[in-house]
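Structure file structure-v3.txt (compact mmCIF, C-alpha atoms) follows.
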# COMPACT_ATOMS: atom_id res chain seq x y z
CA MET A 1 -25.82 10.81 -7.92
CA SER A 2 -24.33 11.08 -4.45
CA ARG A 3 -21.13 12.98 -3.72
CA ASN A 4 -19.24 9.72 -3.29
CA ASP A 5 -19.94 8.76 -6.93
CA GLU A 6 -18.25 11.89 -8.25
CA LEU A 7 -14.71 11.67 -9.53
CA THR A 8 -11.91 14.10 -8.81
CA ASP A 9 -9.48 15.25 -11.49
CA ILE A 10 -6.75 12.78 -10.51
CA GLU A 11 -9.26 9.93 -10.27
CA ARG A 12 -10.50 10.68 -13.79
CA LEU A 13 -6.94 10.81 -15.12
CA LEU A 14 -6.04 7.52 -13.45
CA LEU A 15 -9.15 5.74 -14.73
CA LEU A 16 -8.42 6.99 -18.26
CA ALA A 17 -4.78 5.87 -18.00
CA VAL A 18 -5.84 2.44 -16.72
CA LEU A 19 -8.32 2.20 -19.60
CA ARG A 20 -5.67 3.19 -22.17
CA LEU A 21 -3.16 0.66 -20.84
CA HIS A 22 -5.71 -2.13 -20.39
CA PRO A 23 -4.96 -4.82 -19.28
CA HIS A 24 -1.29 -4.17 -18.46
CA GLY A 25 -1.45 -0.86 -16.58
CA TYR A 26 0.76 -0.75 -13.49
CA GLY A 27 2.40 1.99 -11.39
CA VAL A 28 5.25 3.01 -13.71
CA SER A 29 3.30 2.76 -16.98
CA ILE A 30 0.34 4.66 -15.52
CA ARG A 31 2.63 7.43 -14.25
CA ASP A 32 4.45 7.61 -17.62
CA GLU A 33 1.17 7.69 -19.54
CA ILE A 34 -0.18 10.61 -17.50
CA GLU A 35 3.16 12.43 -17.68
CA ALA A 36 3.45 11.99 -21.44
CA ARG A 37 -0.08 13.13 -22.22
CA THR A 38 -0.75 15.84 -19.66
CA LYS A 39 2.82 16.95 -18.71
CA ARG A 40 1.75 16.58 -15.08
CA GLN A 41 3.94 14.73 -12.61
CA TYR A 42 2.32 12.73 -9.84
CA SER A 43 4.24 10.86 -7.16
CA PHE A 44 3.75 7.13 -6.61
CA GLY A 45 2.16 8.10 -3.29
CA THR A 46 -0.60 10.03 -5.02
CA ILE A 47 -1.07 7.37 -7.70
CA TYR A 48 -1.23 4.37 -5.38
CA THR A 49 -3.40 5.95 -2.67
CA THR A 50 -5.86 7.09 -5.36
CA LEU A 51 -5.86 3.64 -6.99
CA ASP A 52 -6.47 2.08 -3.58
CA ARG A 53 -9.43 4.41 -3.04
CA LEU A 54 -10.81 3.57 -6.48
CA GLU A 55 -10.40 -0.14 -5.76
CA GLN A 56 -12.31 0.21 -2.50
CA ARG A 57 -15.13 1.89 -4.42
CA GLY A 58 -15.11 -0.99 -6.93
CA TYR A 59 -14.00 1.10 -9.92
CA VAL A 60 -10.75 -0.79 -10.54
CA LYS A 61 -9.43 -4.21 -9.63
CA SER A 62 -5.83 -5.24 -9.15
CA ARG A 63 -3.93 -8.44 -9.83
CA GLU A 64 -0.34 -9.44 -9.27
CA GLY A 65 1.83 -9.52 -12.39
CA GLU A 66 5.27 -10.67 -13.33
CA ALA A 67 8.52 -9.84 -11.52
CA THR A 68 11.46 -8.48 -13.52
CA ALA A 69 15.16 -8.01 -12.73
CA ALA A 70 14.83 -4.24 -13.26
CA ARG A 71 12.36 -4.17 -10.38
CA GLY A 72 14.67 -6.05 -8.05
CA GLY A 73 12.57 -9.18 -8.50
CA ARG A 74 9.40 -7.61 -7.11
CA LYS A 75 6.04 -8.29 -8.71
CA LYS A 76 4.00 -5.68 -10.55
CA LEU A 77 0.49 -4.81 -9.49
CA HIS A 78 -1.68 -4.51 -12.60
CA TYR A 79 -4.90 -2.50 -12.54
CA GLU A 80 -8.00 -2.99 -14.67
CA LEU A 81 -11.18 -0.98 -15.00
CA THR A 82 -14.38 -2.67 -13.81
CA GLY A 83 -17.84 -2.22 -15.31
CA GLU A 84 -18.77 0.08 -12.47
CA GLY A 85 -15.60 2.12 -13.04
CA ASN A 86 -16.39 2.40 -16.71
CA LEU A 87 -19.86 3.70 -15.90
CA ALA A 88 -18.54 6.22 -13.35
CA LEU A 89 -15.95 7.48 -15.82
CA GLU A 90 -18.52 7.86 -18.58
CA ARG A 91 -20.87 9.77 -16.29
CA SER A 92 -18.07 12.06 -15.18
CA LEU A 93 -16.85 12.77 -18.73
CA ALA A 94 -20.41 13.28 -19.95
CA ALA A 95 -20.94 15.89 -17.21
CA LEU A 96 -17.76 17.68 -18.30
CA ASP A 97 -18.79 17.56 -21.96
CA ALA A 98 -22.26 18.85 -21.10
CA MET A 99 -20.78 21.82 -19.25
CA ARG A 100 -18.33 22.50 -22.05
CA ALA A 101 -20.83 22.24 -24.91
CA GLY A 102 -22.03 25.39 -26.61
CA ILE A 103 -19.70 27.91 -25.03
CA GLY A 104 -17.48 28.19 -28.13
CA TRP A 105 -14.30 27.85 -26.18
CA LYS A 106 -11.76 25.34 -27.37
CA GLY A 107 -8.70 25.65 -25.15
CA ALA A 108 -7.15 27.15 -22.05
CA VAL A 109 -7.14 30.90 -21.55
CA ALA A 110 -3.52 32.08 -21.82
CA MET B 1 -10.46 -38.19 65.16
CA ARG B 2 -6.72 -38.37 64.68
CA ASN B 3 -7.09 -39.72 61.10
CA ASN B 4 -9.42 -36.89 60.18
CA ARG B 5 -6.85 -34.35 61.28
CA VAL B 6 -4.22 -35.93 59.01
CA ILE B 7 -6.53 -35.80 55.98
CA THR B 8 -7.41 -32.15 56.49
CA SER B 9 -3.76 -31.21 56.89
CA LYS B 10 -2.98 -32.60 53.37
CA ARG B 11 -5.69 -30.53 51.72
CA PRO B 12 -3.81 -27.26 51.50
CA LEU B 13 -0.85 -29.11 49.94
CA ARG B 14 -3.08 -30.60 47.25
CA ILE B 15 -4.66 -27.23 46.59
CA PHE B 16 -1.22 -25.67 46.36
CA VAL B 17 0.10 -28.35 43.96
CA PHE B 18 -3.05 -28.22 41.81
CA GLY B 19 -3.01 -24.43 41.84
CA PHE B 20 0.69 -24.27 41.04
CA PHE B 21 0.39 -26.58 38.02
CA SER B 22 -2.80 -24.87 36.86
CA VAL B 23 -1.11 -21.49 36.94
CA LEU B 24 1.97 -22.96 35.23
CA VAL B 25 -0.08 -24.49 32.41
CA ALA B 26 -2.26 -21.40 32.05
CA SER B 27 0.71 -19.04 31.97
CA THR B 28 2.53 -21.24 29.44
CA VAL B 29 -0.53 -21.35 27.19
CA LEU B 30 -1.00 -17.58 27.56
CA HIS B 31 2.68 -16.92 26.96
CA GLU B 32 2.73 -19.08 23.83
CA SER B 33 -0.50 -17.50 22.60
CA VAL B 34 0.81 -13.99 23.14
CA ILE B 35 4.02 -14.86 21.31
CA GLY B 36 2.03 -16.57 18.56
CA VAL B 37 -0.37 -13.64 18.14
CA ALA B 38 2.50 -11.13 18.28
CA GLY B 39 4.33 -13.18 15.65
CA LEU B 40 1.26 -13.22 13.41
CA ILE B 41 0.84 -9.45 13.78
CA VAL B 42 4.52 -8.86 12.91
CA ILE B 43 4.26 -11.15 9.85
CA LYS B 44 1.00 -9.52 8.77
CA LEU B 45 2.40 -5.99 9.11
CA PHE B 46 6.02 -6.45 8.06
CA GLY B 47 6.06 -9.83 6.25
CA ASP B 48 6.73 -8.31 2.85
CA GLU B 49 9.32 -5.95 4.29
CA ILE B 50 11.15 -8.87 5.97
CA LEU B 51 10.94 -10.91 2.75
CA ASP B 52 12.30 -7.93 0.86
CA ALA B 53 15.16 -7.43 3.30
CA VAL B 54 16.30 -11.05 3.27
CA THR B 55 15.80 -11.87 -0.42
CA TYR B 56 15.69 -8.97 -2.89
CA ARG B 57 18.16 -6.55 -1.31
CA PRO B 58 21.01 -9.07 -0.78
CA ARG B 59 20.44 -10.40 -4.33
CA ARG B 60 21.08 -6.93 -5.78
CA LYS B 61 24.36 -6.72 -3.87
CA ILE B 62 25.45 -10.07 -5.29
CA LEU B 63 24.52 -9.02 -8.83
CA ASN B 64 26.42 -5.74 -8.28
CA VAL B 65 23.74 -3.53 -9.86
CA PRO B 66 23.23 0.13 -8.82
CA THR B 67 20.91 0.21 -5.85
CA PRO B 68 18.54 2.91 -4.68
CA PRO B 69 19.37 4.60 -1.36
CA ILE B 70 18.59 2.00 1.32
CA TRP B 71 17.15 4.52 3.80
CA ALA B 72 14.90 5.99 1.13
CA GLU B 73 13.61 2.46 0.47
CA ARG B 74 12.98 1.86 4.16
CA ILE B 75 11.29 5.20 4.80
CA GLY B 76 9.39 4.94 1.51
CA SER B 77 7.76 1.68 2.49
CA LEU B 78 6.44 2.99 5.81
CA PHE B 79 2.72 3.76 6.04
CA VAL B 80 2.13 2.00 2.72
CA GLU B 81 -0.82 -0.36 2.31
CA PRO B 82 0.76 -3.84 2.81
CA LYS B 83 -0.71 -5.14 -0.44
CA GLN B 84 0.99 -2.38 -2.43
CA ARG B 85 4.32 -2.27 -0.56
CA LEU B 86 6.42 -4.53 -2.81
CA ALA B 87 4.81 -3.19 -5.98
CA ILE B 88 5.73 0.38 -5.03
CA LEU B 89 9.30 -0.58 -4.15
CA GLY B 90 9.53 -2.38 -7.49
CA ASP B 91 8.06 0.56 -9.41
CA ARG B 92 10.48 2.98 -7.78
CA GLU B 93 13.42 0.70 -8.51
CA GLU B 94 12.36 0.28 -12.15
CA ARG B 95 12.19 4.04 -12.55
CA PHE B 96 15.46 4.44 -10.65
CA HIS B 97 17.34 2.21 -13.14
CA ARG B 98 15.85 4.08 -16.07
CA GLU B 99 16.78 7.45 -14.61
CA ALA B 100 20.27 6.23 -13.69
CA LYS B 101 20.88 5.39 -17.35
CA GLN B 102 19.31 8.64 -18.52
CA PHE B 103 20.64 11.18 -15.99
CA GLY B 104 23.35 9.40 -14.00
CA LEU B 105 23.35 7.67 -10.63
CA LYS B 106 23.53 10.79 -8.46
CA ARG B 107 20.48 12.45 -10.00
CA ALA B 108 18.59 9.14 -10.02
CA LYS B 109 19.16 8.86 -6.26
CA TRP B 110 17.95 12.41 -5.78
CA PHE B 111 14.79 11.66 -7.84
CA TYR B 112 14.21 8.57 -5.70
CA TRP B 113 14.46 10.56 -2.48
CA ARG B 114 12.20 13.28 -3.91
CA ASP B 115 9.50 10.75 -4.76
CA VAL B 116 9.72 9.23 -1.28
CA LEU B 117 9.38 12.64 0.39
CA VAL B 118 6.58 13.86 -1.90
CA SER B 119 4.73 10.53 -1.45
CA ALA B 120 4.91 10.71 2.35
CA ALA B 121 1.91 13.04 2.79
CA PRO B 122 -0.64 10.99 0.78
CA PHE B 123 0.55 7.73 2.33
CA ILE B 124 0.41 9.08 5.91
CA PHE B 125 -3.02 10.60 5.29
CA ALA B 126 -4.33 7.30 3.83
CA TRP B 127 -2.79 5.42 6.77
CA LEU B 128 -4.50 7.74 9.26
CA LYS B 129 -7.79 7.21 7.45
CA ARG B 130 -7.32 3.46 7.70
CA ALA B 131 -6.41 3.84 11.37
CA GLY B 132 -9.94 4.80 12.37
CA ILE B 133 -10.63 8.03 14.25
CA VAL B 134 -9.57 10.30 11.42
CA GLY B 135 -11.44 8.00 9.07
CA LEU B 136 -14.63 8.54 10.99
CA ILE B 137 -14.13 12.32 11.00
CA TRP B 138 -13.37 12.18 7.27
CA LYS B 139 -16.54 10.18 6.58
CA ALA B 140 -18.61 12.60 8.64
CA LEU B 141 -17.18 15.55 6.71
CA THR B 142 -17.65 14.00 3.26
CA LYS B 143 -21.16 12.60 3.83
Go ahead and express the file in the form of structure tokens.
Amino acid sequence: MSRNDELTDIERLLLLAVLRLHPHGYGVSIRDEIEARTKRQYSFGTIYTTLDRLEQRGYVKSREGEATAARGGRKKLHYELTGEGNLALERSLAALDAMRAGIGWKGAVA
Amino acid sequence: MRNNRVITSKRPLRIFVFGFFSVLVASTVLHESVIGVAGLIVIKLFGDEILDAVTYRPRRKILNVPTPPIWAERIGSLFVEPKQRLAILGDREERFHREAKQFGLKRAKWFYWRDVLVSAAPFIFAWLKRAGIVGLIWKALTK
């Protein structure tokens, strides 16, 4: 596995959020999902530049969605996980699980 | 001998007329092409922004709904990937309306500005990467 196939923390979180919200994940819902589950706040800048990078690597694909009045009539950009993205995410999580297994440690050190 | 002299004296005039019209046609074609290409570049780069400025923003004023700070919107859409520009503006506005209901208009505007400022670094960095030289350096470093 080359270095380019590895996923960073934010990339993993975004792929998981996109997977959870499939097939209707878009900027606001992805940000809310990450915020609700991890209590971490990411700006739209971080989210969209990372999604763009993932799209260039073929891990997600985007499509234009509906426009609503609350958005000032602008269309949403929905993101979906591709087969390649699914594989990369599984590899990355498996590596984490493998490192975590057998050390008898369940949570963060306070 | 005399006739020959007359013919040769008209030659420079013909050359001048032909040259003049050639240059005129060429410069017109070039001028139109430059304007055409410049127009295409402007539409390609700022088409969504222009569309946004002439359609969505005036519509909000007519509907009399709370609007995000206009300068934050303008600055926030700089350096953004053209494909994502309208989606990001829409996402920010959606969140802005939610926060305005939840925390009030003043704090919602502050949150909007904060997101624009915090987002600036990743967008500028991604823009520089797209621009080329930095992209090449980045690729060399992450090989």
Point-to-point distance in Å for atom CA of B:Trp110 and atom CA of B:Ile75: 14.4 Å
Distance query stretch 71-83 of chain A at most 9 Å, all atoms listed in the file, self and fewer than 5 positions along chain excluded, as number ranges by chain: A: 15, 18-19, 21-27, 51, 58-66, 88; B: 52, 56-57, 59-60, 84, 86-95, 97
Okay, now the selection with C-alpha atoms, as a compact mmCIF listing (two decimals), in the coordinates of the input?
# COMPACT_ATOMS: atom_id res chain seq x y z
CA LEU A 15 -9.15 5.74 -14.73
CA VAL A 18 -5.84 2.44 -16.72
CA LEU A 19 -8.32 2.20 -19.60
CA LEU A 21 -3.16 0.66 -20.84
CA HIS A 22 -5.71 -2.13 -20.39
CA PRO A 23 -4.96 -4.82 -19.28
CA HIS A 24 -1.29 -4.17 -18.46
CA GLY A 25 -1.45 -0.86 -16.58
CA TYR A 26 0.76 -0.75 -13.49
CA GLY A 27 2.40 1.99 -11.39
CA LEU A 51 -5.86 3.64 -6.99
CA GLY A 58 -15.11 -0.99 -6.93
CA TYR A 59 -14.00 1.10 -9.92
CA VAL A 60 -10.75 -0.79 -10.54
CA LYS A 61 -9.43 -4.21 -9.63
CA SER A 62 -5.83 -5.24 -9.15
CA ARG A 63 -3.93 -8.44 -9.83
CA GLU A 64 -0.34 -9.44 -9.27
CA GLY A 65 1.83 -9.52 -12.39
CA GLU A 66 5.27 -10.67 -13.33
CA ALA A 88 -18.54 6.22 -13.35
CA ASP B 52 12.30 -7.93 0.86
CA TYR B 56 15.69 -8.97 -2.89
CA ARG B 57 18.16 -6.55 -1.31
CA ARG B 59 20.44 -10.40 -4.33
CA ARG B 60 21.08 -6.93 -5.78
CA GLN B 84 0.99 -2.38 -2.43
CA LEU B 86 6.42 -4.53 -2.81
CA ALA B 87 4.81 -3.19 -5.98
CA ILE B 88 5.73 0.38 -5.03
CA LEU B 89 9.30 -0.58 -4.15
CA GLY B 90 9.53 -2.38 -7.49
CA ASP B 91 8.06 0.56 -9.41
CA ARG B 92 10.48 2.98 -7.78
CA GLU B 93 13.42 0.70 -8.51
CA GLU B 94 12.36 0.28 -12.15
CA ARG B 95 12.19 4.04 -12.55
CA HIS B 97 17.34 2.21 -13.14
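The shortest atom-to-atom distance to B:Leu117, with only C-alpha atoms taken into account, belongs to B:Gly76 out of B:Pro82, B:Pro68, B:Gly76, B:Gly36.
Rounded to one decimal, atom CA of B:Glu81 and atom CA of B:Trp127 lie 7.6 Å from each other.
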Residue nearest chain B among A:Glu11, A:Glu6, A:Glu33, A:Asp52 (counting all atoms listed in the file):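 Answer, going by the shortest atom-to-atom distance: A:Asp52.
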Coordinates-based distance that separates atom CA of A:Gly45 from atom CA of B:Asn64 (Å, one decimal): 28.4 Å
Minimum-distance residue to chain A, chosen among B:Gln102, B:Thr28, B:Ser22, B:Thr67 (using all atoms listed in the file): B:Thr67
Given all atoms listed in the file as the counted atoms, nearest of B:Val34, B:Pro66, B:Ser119, B:Ala140 to chain A: B:Ser119
Pick from B:Ala120, B:Leu141, B:Leu128, B:Val42, whichever lies nearest to chain A using only C-alpha atoms: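 So, comparing all the options, the nearest one is B:Ala120.
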Long-range neighbours of B:Phe46 as a count of residues only, 12 Å cut-off, all atoms listed in the file, 3 positions minimum in chain: 21
Residue with smallest distance to chain A - pool B:Ile35, B:Leu30, B:Leu45, B:Val65, counting only C-alpha atoms: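 Ranking B:Ile35, B:Leu30, B:Leu45, B:Val65 by distance to chain A, first place goes to B:Val65.
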Tell me, as a PDB file with C-alpha atoms, keeping the file's coordinate frame, which residues lie within 8 Å of A:Leu14, counting only C-alpha atoms; anything in the same chain fewer than 5 positions away does not count.
ATOM      1  CA  ILE A  30       0.340   4.660 -15.520  1.00  0.00           C
ATOM      2  CA  ILE A  34      -0.180  10.610 -17.500  1.00  0.00           C
ATOM      3  CA  ILE A  47      -1.070   7.370  -7.700  1.00  0.00           C
ATOM      4  CA  LEU A  51      -5.860   3.640  -6.990  1.00  0.00           C
TER       5      LEU A  51
END
Near-A:Thr46 list (7 Å; all atoms listed in the file; drop same-chain fewer than 4 positions) as a PyMOL selection string: (chain A and resi 42+50) or (chain B and resi 119+122)
